[in-house]
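Raw coords29.txt, compact mmCIF, C-alpha atoms and all ligand atoms:
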```txt
# COMPACT_ATOMS: atom_id res chain seq x y z
CA MET A 483 -5.30 -11.74 -24.84
CA THR A 484 -5.76 -8.51 -26.78
CA ALA A 485 -2.52 -6.75 -27.72
CA ALA A 486 -1.56 -3.64 -25.76
CA PRO A 487 -2.33 -0.35 -27.50
CA GLN A 488 0.65 0.69 -29.59
CA SER A 489 0.86 4.07 -27.83
CA ILE A 490 1.49 2.35 -24.47
CA LEU A 491 4.22 0.11 -25.83
CA MET A 492 6.00 2.88 -27.73
CA THR A 493 5.95 5.75 -25.26
CA GLN A 494 6.63 3.78 -22.05
CA PRO A 495 5.33 6.41 -19.64
CA ASN A 496 6.52 6.54 -16.04
CA GLY A 497 3.12 5.49 -14.80
CA TYR A 498 -0.50 4.78 -15.60
CA ILE A 499 -3.94 5.45 -14.20
CA LEU A 500 -5.19 2.07 -12.98
CA TRP A 501 -8.56 3.12 -11.63
CA GLU A 502 -10.77 6.09 -10.77
CA GLY A 503 -13.73 5.58 -8.48
CA PRO A 504 -15.36 6.31 -5.12
CA SER A 505 -13.89 5.77 -1.67
CA PRO A 506 -15.70 3.02 0.27
CA ILE A 507 -15.36 5.30 3.31
CA ASP A 508 -17.14 8.46 2.13
CA GLY A 509 -17.77 8.10 -1.62
CA SER A 510 -15.31 10.88 -2.51
CA PRO A 511 -13.43 10.51 -5.82
CA LEU A 512 -10.15 8.58 -5.70
CA VAL A 513 -7.51 7.61 -8.24
CA ALA A 514 -5.00 4.73 -8.24
CA ILE A 515 -1.81 5.40 -10.19
CA VAL A 516 0.92 2.85 -10.78
CA THR A 517 4.46 4.09 -11.31
CA MET A 518 6.88 1.70 -12.93
CA LYS A 519 10.24 2.87 -11.56
CA THR A 520 11.39 3.47 -8.01
CA SER A 521 14.53 4.41 -6.12
CA ASN A 522 13.15 2.82 -2.93
CA ARG A 523 16.01 0.65 -1.62
CA LYS A 524 13.80 -1.26 0.84
CA THR A 525 11.38 -2.50 -1.82
CA GLY A 526 13.81 -2.83 -4.72
CA LYS A 527 12.47 -2.90 -8.26
CA MET A 528 8.70 -3.00 -7.93
CA ALA A 529 5.88 -1.11 -9.56
CA GLN A 530 4.33 1.16 -6.92
CA VAL A 531 0.61 1.86 -6.59
CA TRP A 532 -0.42 5.23 -5.15
CA ILE A 533 -3.96 5.80 -3.94
CA LEU A 534 -4.82 9.49 -3.90
CA LYS A 535 -7.80 11.78 -3.71
CA ARG A 536 -8.58 13.01 -7.22
CA ASP A 537 -9.67 16.50 -6.28
CA LEU A 538 -7.25 17.47 -3.52
CA ASN A 539 -3.49 17.23 -3.26
CA PRO A 540 -2.30 14.87 -0.53
CA VAL A 541 -0.70 17.61 1.59
CA ASP A 542 -3.98 19.52 1.85
CA ALA A 543 -5.95 16.31 2.35
CA ILE A 544 -3.92 15.56 5.48
CA ALA A 545 -4.29 19.16 6.66
CA ASN A 546 -8.10 19.10 6.48
CA GLY A 547 -8.49 15.46 7.57
CA SER A 548 -10.10 14.29 4.32
CA ASP A 549 -7.26 11.79 3.88
CA ASN A 550 -9.57 9.41 5.76
CA ALA A 551 -11.02 8.67 2.30
CA ILE A 552 -7.77 6.93 1.35
CA CYS A 553 -6.34 5.89 4.72
CA GLY A 554 -9.47 5.17 6.77
CA ASP A 555 -8.83 4.67 10.47
CA CYS A 556 -5.08 4.04 10.14
CA PRO A 557 -3.61 5.11 13.51
CA HIS A 558 -0.60 6.66 11.74
CA ARG A 559 -2.75 9.44 10.23
CA LYS A 560 -2.47 12.89 11.77
CA GLN A 561 -4.22 12.76 15.14
CA SER A 562 -6.16 15.49 16.93
CA ASN A 563 -2.99 16.35 18.88
CA GLY A 564 -1.20 17.03 15.56
CA VAL A 565 1.03 13.95 15.73
CA ARG A 566 1.37 11.99 12.49
CA THR A 567 3.47 8.80 12.51
CA CYS A 568 3.00 7.64 8.90
CA TYR A 569 6.39 7.05 7.28
CA VAL A 570 5.26 8.52 3.92
CA ASN A 571 6.35 12.10 3.26
CA VAL A 572 3.40 13.22 1.14
CA GLY A 573 5.14 16.46 0.16
CA GLN A 574 7.49 14.39 -1.99
CA ALA A 575 6.42 11.53 -4.30
CA PRO A 576 2.65 11.54 -3.55
CA ARG A 577 2.40 15.29 -4.24
CA SER A 578 4.51 15.06 -7.41
CA ILE A 579 2.42 12.17 -8.70
CA TRP A 580 -0.83 13.98 -7.91
CA LEU A 581 0.45 17.08 -9.78
CA ALA A 582 1.47 14.93 -12.75
CA TYR A 583 -2.01 13.37 -12.73
CA GLN A 584 -3.54 16.87 -12.82
CA ARG A 585 -1.30 17.65 -15.85
CA LYS A 586 -2.67 14.47 -17.48
CA ALA A 587 0.80 12.94 -17.59
CA TYR A 588 -0.46 9.39 -17.05
CA PRO A 589 -2.46 7.45 -19.65
CA ARG A 590 -5.25 5.16 -18.57
CA LEU A 591 -4.23 1.49 -18.52
CA SER A 592 -6.86 -0.91 -19.78
CA GLU A 593 -7.13 -4.46 -18.50
CA SER A 594 -6.12 -5.79 -21.92
CA SER A 595 -2.67 -4.25 -21.38
CA TYR A 596 -2.00 -5.70 -17.90
CA ALA A 597 -0.20 -8.76 -19.25
CA THR A 598 2.17 -6.59 -21.30
CA VAL A 599 2.88 -4.03 -18.60
CA PHE A 600 3.09 -6.30 -15.53
CA SER A 601 4.70 -9.47 -16.84
CA ARG A 602 7.93 -9.95 -14.85
CA VAL A 603 6.98 -7.01 -12.62
CA LYS A 604 6.17 -7.26 -8.92
CA VAL A 605 3.65 -4.78 -7.59
CA ARG A 606 3.71 -2.94 -4.27
CA TRP A 607 0.14 -1.93 -3.49
CA GLY A 608 -0.17 1.16 -1.33
CA ALA A 609 3.09 3.05 -1.66
CA TYR A 610 0.70 5.66 -0.28
CA GLY A 611 -2.95 5.11 0.62
CA ASP A 612 -4.64 1.90 1.66
CA PRO A 613 -5.17 -0.65 -1.14
CA ALA A 614 -8.35 -1.96 0.55
CA MET A 615 -9.97 1.22 -0.83
CA LEU A 616 -9.71 -0.29 -4.32
CA PRO A 617 -12.06 -2.78 -5.98
CA GLY A 618 -11.04 -6.40 -5.44
CA VAL A 619 -11.54 -7.14 -9.14
CA LEU A 620 -8.86 -4.58 -10.06
CA PHE A 621 -6.44 -5.96 -7.47
CA THR A 622 -6.85 -9.57 -8.59
CA ALA A 623 -6.77 -8.73 -12.32
CA VAL A 624 -3.41 -6.93 -11.99
CA ASN A 625 -1.94 -9.57 -9.68
CA ARG A 626 -2.95 -12.33 -12.09
CA CYS A 627 -0.59 -10.77 -14.67
CA ALA A 628 2.16 -9.63 -12.28
CA ALA A 629 5.16 -11.65 -11.06
CA GLY A 630 4.17 -11.10 -7.43
CA HIS A 631 2.90 -8.47 -5.04
CA THR A 632 3.01 -7.01 -1.55
CA ALA A 633 0.11 -5.24 0.12
CA TYR A 634 -0.80 -4.02 3.62
CA THR A 635 -4.04 -2.70 5.02
CA HIS A 636 -5.07 -1.02 8.25
CA GLN A 637 -8.72 -1.56 7.26
CA TRP A 638 -8.78 -5.21 8.30
CA ARG A 639 -11.56 -4.62 10.85
CA GLN A 640 -13.84 -3.10 8.19
CA PRO A 641 -16.45 -5.23 6.41
CA PHE A 642 -15.62 -3.54 3.07
CA ALA A 643 -12.06 -4.91 3.26
CA ARG A 644 -13.01 -8.58 3.72
CA TRP A 645 -12.27 -9.32 0.06
CA ALA A 646 -8.56 -8.73 0.78
CA VAL A 647 -8.14 -11.58 3.30
CA GLY A 648 -5.46 -13.90 1.90
CA MET A 649 -4.19 -11.20 -0.48
CA MET A 650 -3.04 -8.40 1.84
CA MET A 651 -1.28 -8.27 5.20
CA ALA A 652 -3.27 -6.86 8.12
CA SER A 653 -1.14 -4.03 9.52
CA CYS A 654 -0.95 -4.51 13.29
CA ASP A 655 0.48 -2.12 15.87
CA SER A 656 0.01 -4.19 19.02
CA VAL A 657 -0.25 -7.76 20.25
CA LYS A 658 -4.00 -7.20 20.65
CA ASP A 659 -4.25 -6.19 16.98
CA TYR A 660 -2.30 -9.29 16.01
CA GLU A 661 -4.57 -11.65 17.95
CA GLN A 662 -7.74 -10.05 16.60
CA ALA A 663 -6.54 -10.00 12.98
CA ARG A 664 -5.47 -13.65 13.20
CA GLU A 665 -8.87 -14.60 14.57
CA MET A 666 -10.43 -12.85 11.58
CA GLY A 667 -8.35 -14.92 9.17
CA TRP A 668 -5.67 -12.41 8.18
CA ARG A 669 -1.95 -12.88 7.79
CA THR A 670 -0.37 -10.02 9.71
CA PHE A 671 2.45 -7.48 9.49
CA ASN A 672 3.40 -6.48 13.02
CA VAL A 673 5.31 -3.41 14.11
CA LEU A 674 6.52 -4.28 17.60
CA SER A 675 8.35 -2.33 20.24
CA VAL A 676 11.84 -3.69 20.78
CA ALA A 677 10.70 -5.10 24.15
CA THR A 678 7.76 -7.06 22.69
CA LYS A 679 8.27 -10.75 22.00
CA PRO A 680 6.99 -11.70 18.54
CA ALA A 681 4.49 -14.54 18.13
CA VAL A 682 6.36 -17.82 17.75
CA GLN A 683 5.09 -18.57 14.27
CA SER A 684 5.91 -15.12 12.87
CA LYS A 685 8.98 -14.36 10.83
CA GLN A 686 11.19 -11.30 11.10
CA CYS A 687 11.21 -9.20 7.93
CA PRO A 688 14.53 -10.25 6.39
CA ALA A 689 15.22 -6.69 5.25
CA THR A 690 15.49 -5.66 8.92
CA VAL A 691 18.00 -8.35 9.86
CA GLU A 692 21.46 -6.88 10.48
CA GLY A 693 23.67 -7.24 7.39
CA SER A 694 20.87 -8.57 5.15
CA SER A 695 20.51 -7.31 1.59
CA ALA A 696 16.92 -8.62 1.28
CA GLN A 697 14.38 -6.46 -0.50
CA CYS A 698 10.63 -6.85 -0.94
CA ALA A 699 11.18 -7.48 -4.65
CA THR A 700 13.10 -10.67 -3.90
CA CYS A 701 11.36 -11.64 -0.65
CA ALA A 702 7.64 -11.01 -1.31
CA LEU A 703 6.60 -12.65 1.98
CA CYS A 704 4.03 -9.92 2.44
CA ASN A 705 1.48 -11.14 -0.10
CA GLY A 706 -1.18 -11.89 2.50
CA ALA A 707 -1.08 -15.63 2.00
CA ARG A 708 2.14 -16.93 3.47
CA VAL A 709 3.27 -16.04 7.00
CA ASP A 710 2.94 -13.47 9.76
CA VAL A 711 5.81 -10.99 9.63
CA PHE A 712 7.20 -8.67 12.30
CA VAL A 713 9.60 -5.74 12.43
CA HIS A 714 10.89 -3.98 15.48
CA ALA A 715 9.78 -0.35 15.50
CA HIS A 716 12.14 2.44 14.68
CA GLY A 717 11.77 6.03 13.57
CA PRO A 718 8.19 7.37 13.42
CA SER A 719 6.69 3.90 13.98
CA ALA A 720 8.45 3.65 17.33
CA LYS A 721 6.56 6.73 18.48
CA ARG A 722 3.26 5.13 17.56
CA VAL A 723 4.10 1.84 19.30
CA THR A 724 4.95 3.82 22.43
CA TYR A 725 1.46 5.34 22.39
CA VAL A 726 -0.15 1.92 21.90
S1 LIG B 801 9.06 -9.48 4.87
FE1 LIG B 801 9.83 -9.31 2.79
S2 LIG B 801 8.10 -8.47 1.58
FE2 LIG B 801 7.65 -8.10 3.77
S3 LIG B 801 8.46 -6.03 4.19
FE3 LIG B 801 10.10 -7.50 4.70
S4 LIG B 801 11.35 -7.65 2.80
FE4 LIG B 801 9.38 -6.72 2.24
```

Show how you would write the structure in this file as structure tokens.
Amino acid sequence: MTAAPQSILMTQPNGYILWEGPSPIDGSPLVAIVTMKTSNRKTGKMAQVWILKRDLNPVDAIANGSDNAICGDCPHRKQSNGVRTCYVNVGQAPRSIWLAYQRKAYPRLSESSYATVFSRVKVRWGAYGDPAMLPGVLFTAVNRCAAGHTAYTHQWRQPFARWAVGMMMASCDSVKDYEQAREMGWRTFNVLSVATKPAVQSKQCPATVEGSSAQCATCALCNGARVDVFVHAHGPSAKRVTYV
């Protein structure tokens, strides 16, 4: 393996550009940035991958609907009635990261440096944006060097996302979604209303069990290969489940 460039090892930036390329939805230019530190208590210590439009800040992209390039047909995007149930506040971290990208604060990370940067690091794909928008070769090359990963996609019905079966969780918002995704070969992450009985073989996300101190960084069930996981809806997700 080629040694990492000295500049990367010495400066230890907060994040790196992993990839720049076209959206499989509309061909518009996207960027994937990985940040190495997080204060997210649910995930714990994981590198976080943000998928953003290159040419438009994420707040404006939601406002004009062009966030479909990074989120596709996710039902938590802003709907025609103005309701948006995504849990990500794009005015915070996604906007700051996009602005830092515009200031050229992040160096490009070459594949020869993955082993150095990601050894002993678990990666959360899609802190914002859908990781199925990325090339499968990038996803597998990083994961090969990382200590583990979690990933979720709402694009599981789309032919362009088939490469992610077995490596990402299909995000499901109803029992119908769950049944369809299972039939298509996906492991699933299910947001259920409190009244909905989970499928017998699925496992409750340990981080949502009363009194648990589990975090994604120690759990890593959501790697697309292990089990179906469910959570009972709360906050903005509960609104969406009510609509479903
Ligand atoms: S099941 Fe584990 S990896 Fe998945 S969301 Fe819950 S804590 Fe995170």

Residues within 8 Å of ligand LIG 801 (chain B), counting all atoms listed in the file, as a PDB file with C-alpha atoms, in the coordinates of the input:
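The new file selection.pdb reads:
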```
ATOM      1  CA  LYS A 524      13.800  -1.260   0.840  1.00  0.00           C
ATOM      2  CA  THR A 525      11.380  -2.500  -1.820  1.00  0.00           C
ATOM      3  CA  THR A 632       3.010  -7.010  -1.550  1.00  0.00           C
ATOM      4  CA  PHE A 671       2.450  -7.480   9.490  1.00  0.00           C
ATOM      5  CA  LYS A 685       8.980 -14.360  10.830  1.00  0.00           C
ATOM      6  CA  GLN A 686      11.190 -11.300  11.100  1.00  0.00           C
ATOM      7  CA  CYS A 687      11.210  -9.200   7.930  1.00  0.00           C
ATOM      8  CA  PRO A 688      14.530 -10.250   6.390  1.00  0.00           C
ATOM      9  CA  ALA A 689      15.220  -6.690   5.250  1.00  0.00           C
ATOM     10  CA  THR A 690      15.490  -5.660   8.920  1.00  0.00           C
ATOM     11  CA  ALA A 696      16.920  -8.620   1.280  1.00  0.00           C
ATOM     12  CA  GLN A 697      14.380  -6.460  -0.500  1.00  0.00           C
ATOM     13  CA  CYS A 698      10.630  -6.850  -0.940  1.00  0.00           C
ATOM     14  CA  ALA A 699      11.180  -7.480  -4.650  1.00  0.00           C
ATOM     15  CA  THR A 700      13.100 -10.670  -3.900  1.00  0.00           C
ATOM     16  CA  CYS A 701      11.360 -11.640  -0.650  1.00  0.00           C
ATOM     17  CA  ALA A 702       7.640 -11.010  -1.310  1.00  0.00           C
ATOM     18  CA  LEU A 703       6.600 -12.650   1.980  1.00  0.00           C
ATOM     19  CA  CYS A 704       4.030  -9.920   2.440  1.00  0.00           C
ATOM     20  CA  ASN A 705       1.480 -11.140  -0.100  1.00  0.00           C
ATOM     21  CA  VAL A 711       5.810 -10.990   9.630  1.00  0.00           C
ATOM     22  CA  PHE A 712       7.200  -8.670  12.300  1.00  0.00           C
ATOM     23  CA  VAL A 713       9.600  -5.740  12.430  1.00  0.00           C
TER      24      VAL A 713
END
```

- Message: Show me, as number ranges by chain, the residues that have an atom within 12 Å of Leu534 of chain A when counting only C-alpha atoms, minus same-chain residues fewer than 5 positions from it.
- Response: A: 499-505, 510-516, 539-544, 548-553, 572, 575-581, 583-584, 608-613, 615-616

- Task: Please indicate the distance in Å from atom CA of Ala652 of chain A to atom CA of Gln640 of chain A, rounded to one decimal place.
- Result: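 Going from atom CA of Ala652 of chain A over to atom CA of Gln640 of chain A covers 11.2 Å.
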
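In terms of minimum interatomic distance to Gly618 of chain A, A:Ala646 ranks closest within A:Thr635, A:Ser592, A:Ala646, A:Asn672, counting only C-alpha atoms.
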
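Here atom CA of Cys556 of chain A stands at a distance of 16.2 Å from atom CA of Arg644 of chain A.
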
- Message: For a test of reading the model, state the distance in Å between atom CA of Ser653 of chain A and atom CA of Phe621 of chain A, rounded to one decimal.
- Response: 17.9 Å

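Residue nearest Phe642 of chain A within the list A:Val599, A:Ala614, A:Cys654, A:Ala629: A:Ala614 [criterion: smallest interatomic distance, only C-alpha atoms].
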
- Between A:His636, A:Lys527, A:Val676, A:Asn563, smallest distance to Tyr660 of chain A by only C-alpha atoms belongs to A:His636

- Neighbour residues at most 10 Å from (13.8, -4.8, -14.0) (all atoms listed in the file) as an MDAnalysis selection string: chainID A and resid 518:519 526:529 602:604

- Taking all atoms listed in the file into account, which of A:Ala587, A:Val709, A:Val657, A:Cys568 comes nearest Gln683 of chain A? A:Val709

- Query: Contacts of Pro589 of chain A at 8 Å or less, counting all atoms listed in the file, minus same-chain residues fewer than 3 places along, as a VMD selection string?
  - Reply: chain A and resid 495 497 to 499 586

Hey, can I get the axis-aligned box for segment 496-500 of chain A? All listed atoms, 5 Å padding on each side, centre and edge lengths in Å to one decimal, as JSON.
```
{"center_x": 0.7, "center_y": 4.3, "center_z": -14.5, "size_x": 21.7, "size_y": 14.5, "size_z": 13.1}
```
